[in-house]
>>> print(open('work12.txt').read())   # compact mmCIF, C-alpha atoms
# COMPACT_ATOMS: atom_id res chain seq x y z
CA MET A 1 -81.44 21.81 83.21
CA GLY A 2 -79.73 19.20 81.04
CA ILE A 3 -76.21 18.88 79.71
CA ASP A 4 -74.93 21.78 77.65
CA LEU A 5 -72.54 20.31 75.11
CA ASP A 6 -71.24 23.76 74.28
CA THR A 7 -69.75 24.20 77.75
CA ILE A 8 -68.50 20.74 78.70
CA THR A 9 -65.09 19.50 77.55
CA ALA A 10 -65.64 15.74 77.73
CA ILE A 11 -68.12 12.96 78.49
CA ASP A 12 -66.86 10.14 80.72
CA VAL A 13 -69.00 7.12 79.84
CA HIS A 14 -67.77 4.87 82.65
CA THR A 15 -68.09 5.90 86.30
CA HIS A 16 -69.18 3.81 89.26
CA ALA A 17 -71.64 4.51 92.08
CA GLU A 18 -70.24 2.28 94.83
CA VAL A 19 -71.68 3.86 97.97
CA SER A 20 -75.36 4.44 98.74
CA ALA A 21 -76.78 7.47 100.52
CA GLU A 22 -76.89 5.36 103.70
CA GLY A 23 -73.18 4.57 103.37
CA HIS A 24 -73.55 0.94 102.28
CA GLN A 25 -70.90 -0.21 99.77
CA SER A 26 -71.54 -2.68 96.97
CA LEU A 27 -68.26 -4.61 97.33
CA ASP A 28 -67.06 -6.44 100.41
CA ASP A 29 -63.94 -5.10 102.07
CA SER A 30 -61.60 -7.74 100.63
CA LEU A 31 -62.58 -7.06 97.00
CA HIS A 32 -62.74 -3.33 97.61
CA ASP A 33 -59.25 -3.22 99.13
CA ALA A 34 -57.76 -5.53 96.51
CA SER A 35 -59.09 -3.40 93.64
CA SER A 36 -57.86 -0.21 95.30
CA ALA A 37 -54.39 -1.74 95.61
CA TYR A 38 -54.51 -2.96 91.99
CA PHE A 39 -55.31 0.51 90.65
CA GLY A 40 -53.15 2.36 93.17
CA THR A 41 -56.21 4.29 94.33
CA ASP A 42 -56.09 6.45 97.45
CA ALA A 43 -58.60 4.86 99.83
CA ALA A 44 -59.68 8.32 100.99
CA HIS A 45 -61.04 9.08 97.50
CA ARG A 46 -62.49 5.65 96.70
CA LYS A 47 -65.99 6.09 98.12
CA PRO A 48 -67.56 9.28 96.77
CA THR A 49 -71.29 9.76 97.15
CA LEU A 50 -73.39 10.58 94.11
CA PRO A 51 -73.55 14.32 94.94
CA GLU A 52 -69.76 14.28 95.36
CA ILE A 53 -69.38 12.62 91.95
CA ALA A 54 -71.56 15.34 90.43
CA ALA A 55 -69.52 18.09 92.07
CA TYR A 56 -66.29 16.45 90.95
CA TYR A 57 -67.33 16.43 87.28
CA ARG A 58 -68.95 19.86 87.42
CA GLU A 59 -65.69 21.32 88.69
CA ARG A 60 -63.95 19.82 85.64
CA ARG A 61 -66.64 20.97 83.18
CA MET A 62 -67.30 17.34 82.23
CA ALA A 63 -70.35 15.08 82.09
CA ALA A 64 -70.39 11.49 83.31
CA VAL A 65 -72.40 8.32 82.81
CA VAL A 66 -72.84 6.83 86.27
CA PHE A 67 -74.10 3.38 87.27
CA PRO A 68 -74.12 0.75 90.03
CA VAL A 69 -73.31 -2.92 89.43
CA ASP A 70 -75.94 -5.46 90.53
CA THR A 71 -74.07 -8.53 91.81
CA GLU A 72 -76.43 -9.39 94.63
CA SER A 73 -77.02 -12.95 93.39
CA THR A 74 -73.28 -13.77 93.46
CA THR A 75 -71.92 -11.60 96.29
CA GLY A 76 -74.95 -11.34 98.56
CA LEU A 77 -74.45 -7.57 98.73
CA PRO A 78 -77.04 -5.16 97.31
CA ALA A 79 -75.92 -2.61 94.76
CA VAL A 80 -76.52 1.09 95.13
CA PRO A 81 -80.22 1.26 94.18
CA ASN A 82 -80.84 2.08 90.53
CA GLU A 83 -83.55 4.52 91.58
CA GLU A 84 -81.10 6.37 93.81
CA VAL A 85 -78.66 6.75 90.92
CA ALA A 86 -81.45 7.96 88.62
CA ARG A 87 -82.75 10.48 91.17
CA ALA A 88 -79.24 11.85 91.74
CA ALA A 89 -78.75 12.17 87.97
CA ALA A 90 -82.05 14.06 87.71
CA GLU A 91 -80.97 16.37 90.52
CA HIS A 92 -77.59 16.92 88.84
CA SER A 93 -78.74 16.70 85.24
CA ASP A 94 -76.17 19.24 84.11
CA VAL A 95 -73.39 16.66 84.61
CA LEU A 96 -74.78 13.17 85.33
CA ILE A 97 -76.33 10.66 82.89
CA PRO A 98 -78.07 7.69 84.58
CA PHE A 99 -77.38 4.09 83.69
CA ALA A 100 -78.69 1.19 85.76
CA SER A 101 -77.61 -2.38 86.43
CA ILE A 102 -79.81 -5.47 86.55
CA ASP A 103 -78.44 -8.96 87.07
CA PRO A 104 -79.64 -11.10 84.13
CA ALA A 105 -80.37 -13.84 86.68
CA LYS A 106 -83.52 -11.88 87.52
CA GLY A 107 -85.07 -12.91 84.20
CA ARG A 108 -88.54 -11.49 83.50
CA LEU A 109 -88.55 -9.64 86.81
CA GLY A 110 -85.39 -7.87 85.66
CA ALA A 111 -87.01 -7.02 82.32
CA ARG A 112 -89.97 -5.44 84.13
CA GLN A 113 -87.59 -3.48 86.35
CA ALA A 114 -85.68 -2.27 83.29
CA ARG A 115 -88.87 -1.03 81.64
CA ARG A 116 -89.83 0.93 84.74
CA LEU A 117 -86.35 2.43 85.10
CA VAL A 118 -86.36 3.67 81.51
CA THR A 119 -89.96 4.90 81.32
CA GLU A 120 -90.31 6.34 84.83
CA TYR A 121 -86.76 7.32 85.78
CA GLY A 122 -85.14 8.24 82.47
CA VAL A 123 -82.37 5.64 82.64
CA ARG A 124 -80.39 5.65 79.37
CA GLY A 125 -78.51 2.35 79.55
CA PHE A 126 -77.58 -0.72 81.60
CA LYS A 127 -74.24 -1.96 82.90
CA PHE A 128 -73.42 -5.70 82.81
CA HIS A 129 -70.36 -7.26 84.44
CA PRO A 130 -70.24 -10.88 83.22
CA SER A 131 -67.32 -11.93 85.45
CA LEU A 132 -68.95 -10.60 88.61
CA GLN A 133 -72.49 -11.61 87.64
CA GLU A 134 -71.23 -15.03 86.47
CA PHE A 135 -72.98 -15.25 83.12
CA PHE A 136 -71.95 -15.42 79.49
CA PRO A 137 -73.46 -12.44 77.63
CA ASN A 138 -74.83 -14.76 74.94
CA ASP A 139 -76.63 -17.02 77.43
CA ARG A 140 -80.21 -17.18 76.16
CA SER A 141 -81.53 -16.65 79.68
CA ALA A 142 -80.38 -13.02 79.39
CA TYR A 143 -82.24 -12.43 76.14
CA VAL A 144 -85.54 -11.55 77.82
CA LEU A 145 -83.77 -8.55 79.33
CA TYR A 146 -82.03 -7.57 76.08
CA GLU A 147 -85.37 -7.71 74.24
CA THR A 148 -86.72 -5.05 76.57
CA LEU A 149 -83.61 -2.88 76.23
CA GLU A 150 -83.74 -3.05 72.44
CA GLU A 151 -87.44 -2.16 72.43
CA LEU A 152 -86.82 0.85 74.66
CA GLY A 153 -83.73 2.06 72.82
CA ALA A 154 -81.49 1.59 75.87
CA ILE A 155 -77.74 1.03 75.66
CA ALA A 156 -76.09 -2.16 76.94
CA LEU A 157 -72.63 -1.66 78.42
CA PHE A 158 -70.62 -4.87 78.97
CA HIS A 159 -67.44 -5.21 80.99
CA THR A 160 -64.92 -7.05 78.81
CA GLY A 161 -61.49 -8.49 79.46
CA GLN A 162 -59.63 -8.87 82.71
CA THR A 163 -61.09 -7.16 85.75
CA GLY A 164 -59.31 -5.30 88.52
CA ILE A 165 -61.97 -6.54 90.94
CA GLY A 166 -60.42 -9.48 92.77
CA ALA A 167 -57.00 -8.95 91.20
CA GLY A 168 -54.36 -9.89 93.75
CA ALA A 169 -56.82 -11.48 96.17
CA PRO A 170 -56.48 -15.23 96.85
CA GLY A 171 -57.89 -17.04 93.83
CA GLY A 172 -58.78 -13.67 92.33
CA GLY A 173 -61.61 -13.47 94.82
CA GLY A 174 -63.20 -16.44 93.08
CA ILE A 175 -63.94 -14.30 90.02
CA ARG A 176 -63.63 -16.06 86.67
CA LEU A 177 -62.40 -14.11 83.68
CA LYS A 178 -63.83 -16.45 81.02
CA TYR A 179 -67.25 -14.77 81.11
CA SER A 180 -65.84 -11.48 79.84
CA ASN A 181 -64.38 -12.56 76.52
CA PRO A 182 -65.81 -9.94 74.12
CA LEU A 183 -66.50 -12.59 71.49
CA HIS A 184 -69.55 -13.61 73.56
CA VAL A 185 -70.89 -10.10 72.93
CA ASP A 186 -70.77 -10.74 69.18
CA ASP A 187 -73.77 -13.07 69.45
CA VAL A 188 -75.69 -10.40 71.35
CA ALA A 189 -74.87 -7.78 68.72
CA ALA A 190 -75.98 -10.14 65.95
CA ASP A 191 -79.24 -11.06 67.68
CA PHE A 192 -80.11 -7.50 68.80
CA PRO A 193 -79.02 -5.19 65.97
CA GLY A 194 -81.19 -2.37 67.31
CA MET A 195 -79.52 -2.31 70.73
CA PRO A 196 -76.45 -0.06 70.98
CA ILE A 197 -73.61 -1.84 72.80
CA ILE A 198 -70.53 -0.51 74.55
CA MET A 199 -67.70 -2.95 75.19
CA ALA A 200 -65.97 -1.48 78.22
CA HIS A 201 -62.20 -1.37 78.62
CA PRO A 202 -59.29 -2.58 76.54
CA SER A 203 -60.27 -6.26 76.38
CA PHE A 204 -57.03 -7.87 77.58
CA PRO A 205 -56.19 -10.59 76.63
CA TRP A 206 -58.81 -10.54 73.85
CA GLN A 207 -58.18 -7.15 72.25
CA ASP A 208 -58.23 -8.44 68.68
CA GLU A 209 -61.57 -10.16 69.29
CA ALA A 210 -63.06 -6.88 70.56
CA LEU A 211 -61.80 -4.95 67.56
CA SER A 212 -63.19 -7.58 65.23
CA VAL A 213 -66.63 -7.39 66.83
CA ALA A 214 -66.69 -3.58 66.75
CA VAL A 215 -65.56 -3.38 63.11
CA HIS A 216 -68.11 -5.99 62.05
CA LYS A 217 -71.13 -4.79 64.08
CA PRO A 218 -71.89 -1.09 63.49
CA GLN A 219 -73.88 -0.58 66.72
CA VAL A 220 -70.91 -1.67 68.89
CA TYR A 221 -68.66 0.91 70.57
CA ILE A 222 -65.51 0.53 72.69
CA ASP A 223 -64.78 2.61 75.77
CA LEU A 224 -61.20 3.10 76.92
CA SER A 225 -61.84 3.01 80.66
CA GLY A 226 -59.94 1.12 83.32
CA TRP A 227 -56.50 1.56 81.75
CA SER A 228 -54.19 4.51 81.65
CA PRO A 229 -53.92 5.44 77.94
CA LYS A 230 -50.15 4.92 78.06
CA TYR A 231 -50.84 1.19 78.41
CA LEU A 232 -53.42 0.89 75.62
CA PRO A 233 -52.62 -1.93 73.18
CA PRO A 234 -51.11 -0.51 69.97
CA GLN A 235 -53.73 -2.14 67.74
CA LEU A 236 -56.48 -0.43 69.75
CA VAL A 237 -54.81 2.95 69.24
CA ARG A 238 -54.42 2.22 65.52
CA TYR A 239 -58.12 1.38 65.10
CA ALA A 240 -59.17 4.35 67.25
CA ASN A 241 -57.29 6.56 64.81
CA SER A 242 -58.87 4.97 61.76
CA LEU A 243 -61.71 2.49 61.26
CA LEU A 244 -63.27 2.99 64.70
CA GLN A 245 -62.65 6.70 65.19
CA ASP A 246 -66.41 7.34 65.37
CA ARG A 247 -67.08 4.52 67.87
CA VAL A 248 -64.35 4.83 70.50
CA LEU A 249 -65.31 6.57 73.75
CA PHE A 250 -63.58 8.23 76.68
CA GLY A 251 -64.17 6.44 79.96
CA SER A 252 -62.13 6.60 83.13
CA ASP A 253 -63.46 4.01 85.65
CA HIS A 254 -63.80 6.65 88.37
CA PRO A 255 -63.34 6.33 91.32
CA VAL A 256 -60.74 3.57 90.83
CA LEU A 257 -59.06 5.49 87.99
CA SER A 258 -59.53 9.24 87.94
CA PRO A 259 -60.34 11.20 84.78
CA ASP A 260 -57.51 13.56 85.72
CA ARG A 261 -54.94 10.79 85.43
CA TRP A 262 -56.58 9.35 82.31
CA LEU A 263 -56.70 12.66 80.48
CA ALA A 264 -53.13 13.57 81.39
CA ASP A 265 -51.91 10.33 79.82
CA PHE A 266 -54.28 10.71 76.86
CA GLU A 267 -52.59 14.02 76.03
CA ARG A 268 -49.38 12.09 75.33
CA LEU A 269 -51.06 9.37 73.27
CA ASP A 270 -50.51 9.36 69.50
CA ILE A 271 -54.07 10.24 68.52
CA LYS A 272 -54.81 12.42 65.50
CA PRO A 273 -55.93 15.97 66.40
CA GLU A 274 -59.20 15.56 64.52
CA VAL A 275 -59.96 12.30 66.35
CA ARG A 276 -59.36 13.55 69.91
CA PRO A 277 -62.62 15.52 70.25
CA LYS A 278 -64.56 12.58 68.83
CA ILE A 279 -63.22 10.26 71.53
CA LEU A 280 -63.54 12.79 74.33
CA LYS A 281 -67.04 14.09 73.61
CA HIS A 282 -68.66 13.89 70.19
CA ASN A 283 -68.99 10.11 69.81
CA ALA A 284 -70.63 9.79 73.23
CA ALA A 285 -72.90 12.76 72.60
CA ARG A 286 -74.17 11.15 69.40
CA LEU A 287 -74.63 7.74 71.04
CA LEU A 288 -76.48 9.23 74.01
CA GLY A 289 -78.58 11.54 71.86
CA LEU A 290 -77.32 14.68 73.57
CA LYS A 291 -77.77 18.07 71.92
CA GLY A 292 -76.07 21.42 72.28
CA GLY A 293 -77.56 24.52 73.79
CA GLY A 294 -78.49 22.99 77.15
CA ASP A 295 -80.76 20.15 75.97
CA ALA A 296 -80.10 16.50 76.80
>>> encode(input="work12.txt", output="structure tokens")
Amino acid sequence: MGIDLDTITAIDVHTHAEVSAEGHQSLDDSLHDASSAYFGTDAAHRKPTLPEIAAYYRERRMAAVVFPVDTESTTGLPAVPNEEVARAAAEHSDVLIPFASIDPAKGRLGARQARRLVTEYGVRGFKFHPSLQEFFPNDRSAYVLYETLEELGAIALFHTGQTGIGAGAPGGGGIRLKYSNPLHVDDVAADFPGMPIIMAHPSFPWQDEALSVAVHKPQVYIDLSGWSPKYLPPQLVRYANSLLQDRVLFGSDHPVLSPDRWLADFERLDIKPEVRPKILKHNAARLLGLKGGGDA
């Protein structure tokens, strides 16, 4: 069926598939509970299935990019299978857009998996979480994977800045923030100019670095997920209203932060009227190559 841009109100570019069809979750209980406490998330709503995510966004007349996070090499826990996410997105193509996640530690095997996911399953992009996957985005060992993404026209979405995963747990759950400095993404953007990049979240404490990268590299976007808009750094709001108004994207971080809460706070944010629809829908539609009239 495809996404009809004429009927949806927004595109959420940052939602997580955390529970597989068999009920397996991709985070252990300690990290899961710590992140729920950090975001103030009701545990009863933290583990939606993929069909439930689709129903949730359909009810709100919104579309959503959905992805797992592959941290198997560092946590020992398998992610929700990429193929499961892609099949669910195909079944609910009126609201879901499939991204995948491949740990760069998988090297050439990961590159082959990425090619299959794009060509056979219609995956549109790939989520990377440097702090959880324990790699610097500009590590040359990841380049074999980026080369495949650039060739296929896939989007690379990088977590940047502090993470709520592990926040409040002893030692932060062993998770190191240094990997997610957005300046490491600058090398990737320079070396792969044909690969669209989304830097996810306000990049605390490196917001100025993220803005610098996005202003300098025209294929780099910023999504606003993971933070209530009332807490967005003022310089991010200023650039969203001006130089980066065509490359800032709505993202919630569902299910840890709901789009309902995000949008309610966004209504009170000092964003120009002509910029609001760009952030909420039009910038993402252009990046994802979505068209009106029911075609995606």
>>> atom_distance(input="work12.txt", atom1="CA of Leu287 (chain A)", atom2="CA of Phe250 (chain A)")
12.4 Å
>>> residues_near_point(input="work12.txt", point="(-60.5, -6.3, 76.6)", cutoff="8 Å", atoms="only C-alpha atoms", output="count of residues only")
14
>>> residues_around(input="work12.txt", residues="Val220 (chain A)", least_positions_apart="5", cutoff="12 Å", atoms="all atoms listed in the file", output="PyMOL selection string")
chain A and resi 155-158+182+185-190+192-200+210-215+244+246-249+283+287
>>> atom_distance(input="work12.txt", atom1="CA of Gln235 (chain A)", atom2="CA of Val69 (chain A)")
29.2 Å
>>> residues_around(input="work12.txt", residues="region 263-267 of chain A", least_positions_apart="4", cutoff="10 Å", atoms="all atoms listed in the file", output="count of residues only")
14
>>> residues_around(input="work12.txt", residues="Ile97 (chain A)", least_positions_apart="4", cutoff="7 Å", atoms="all atoms listed in the file", output="list in words")
Ala64, Val65, Val66, Ala89 and Ser93 of chain A
>>> closest_residue(input="work12.txt", among="A:Arg124, A:His24, A:Arg115, A:Arg60", to="Gly289 (chain A)", atoms="all atoms listed in the file")
A:Arg124
>>> closest_residue(input="work12.txt", among="A:Arg176, A:Arg112, A:Lys127, A:His159", to="Leu145 (chain A)", atoms="all atoms listed in the file")
A:Arg112
>>> axis_aligned_box(input="work12.txt", around="region 157-164 of chain A", padding_each_side="5 Å", output="lines of an AutoDock Vina configuration file")
center_x = -66.0
center_y = -5.3
center_z = 83.5
size_x = 23.3
size_y = 17.2
size_z = 20.1
>>> residues_around(input="work12.txt", residues="Thr163 (chain A)", least_positions_apart="2", cutoff="9 Å", atoms="only C-alpha atoms", output="PyMOL selection string")
chain A and resi 35+131+159-161+165-167+175+177+180+226
>>> atom_distance(input="work12.txt", atom1="CA of Tyr146 (chain A)", atom2="CA of Thr75 (chain A)")
23.0 Å
>>> residues_around(input="work12.txt", residues="region 17-23 of chain A", least_positions_apart="6", cutoff="10 Å", atoms="all atoms listed in the file", output="PyMOL selection string")
chain A and resi 32+46-51+53+66-69+78-82+84-85+254-255
>>> closest_residue(input="work12.txt", among="A:Leu149, A:Ala86, A:Leu290, A:Ala154", to="Asp6 (chain A)", atoms="all atoms listed in the file")
A:Leu290
>>> closest_residue(input="work12.txt", among="A:Thr7, A:Ser225, A:Ser141, A:Thr119", to="Gly107 (chain A)", atoms="only C-alpha atoms")
A:Ser141
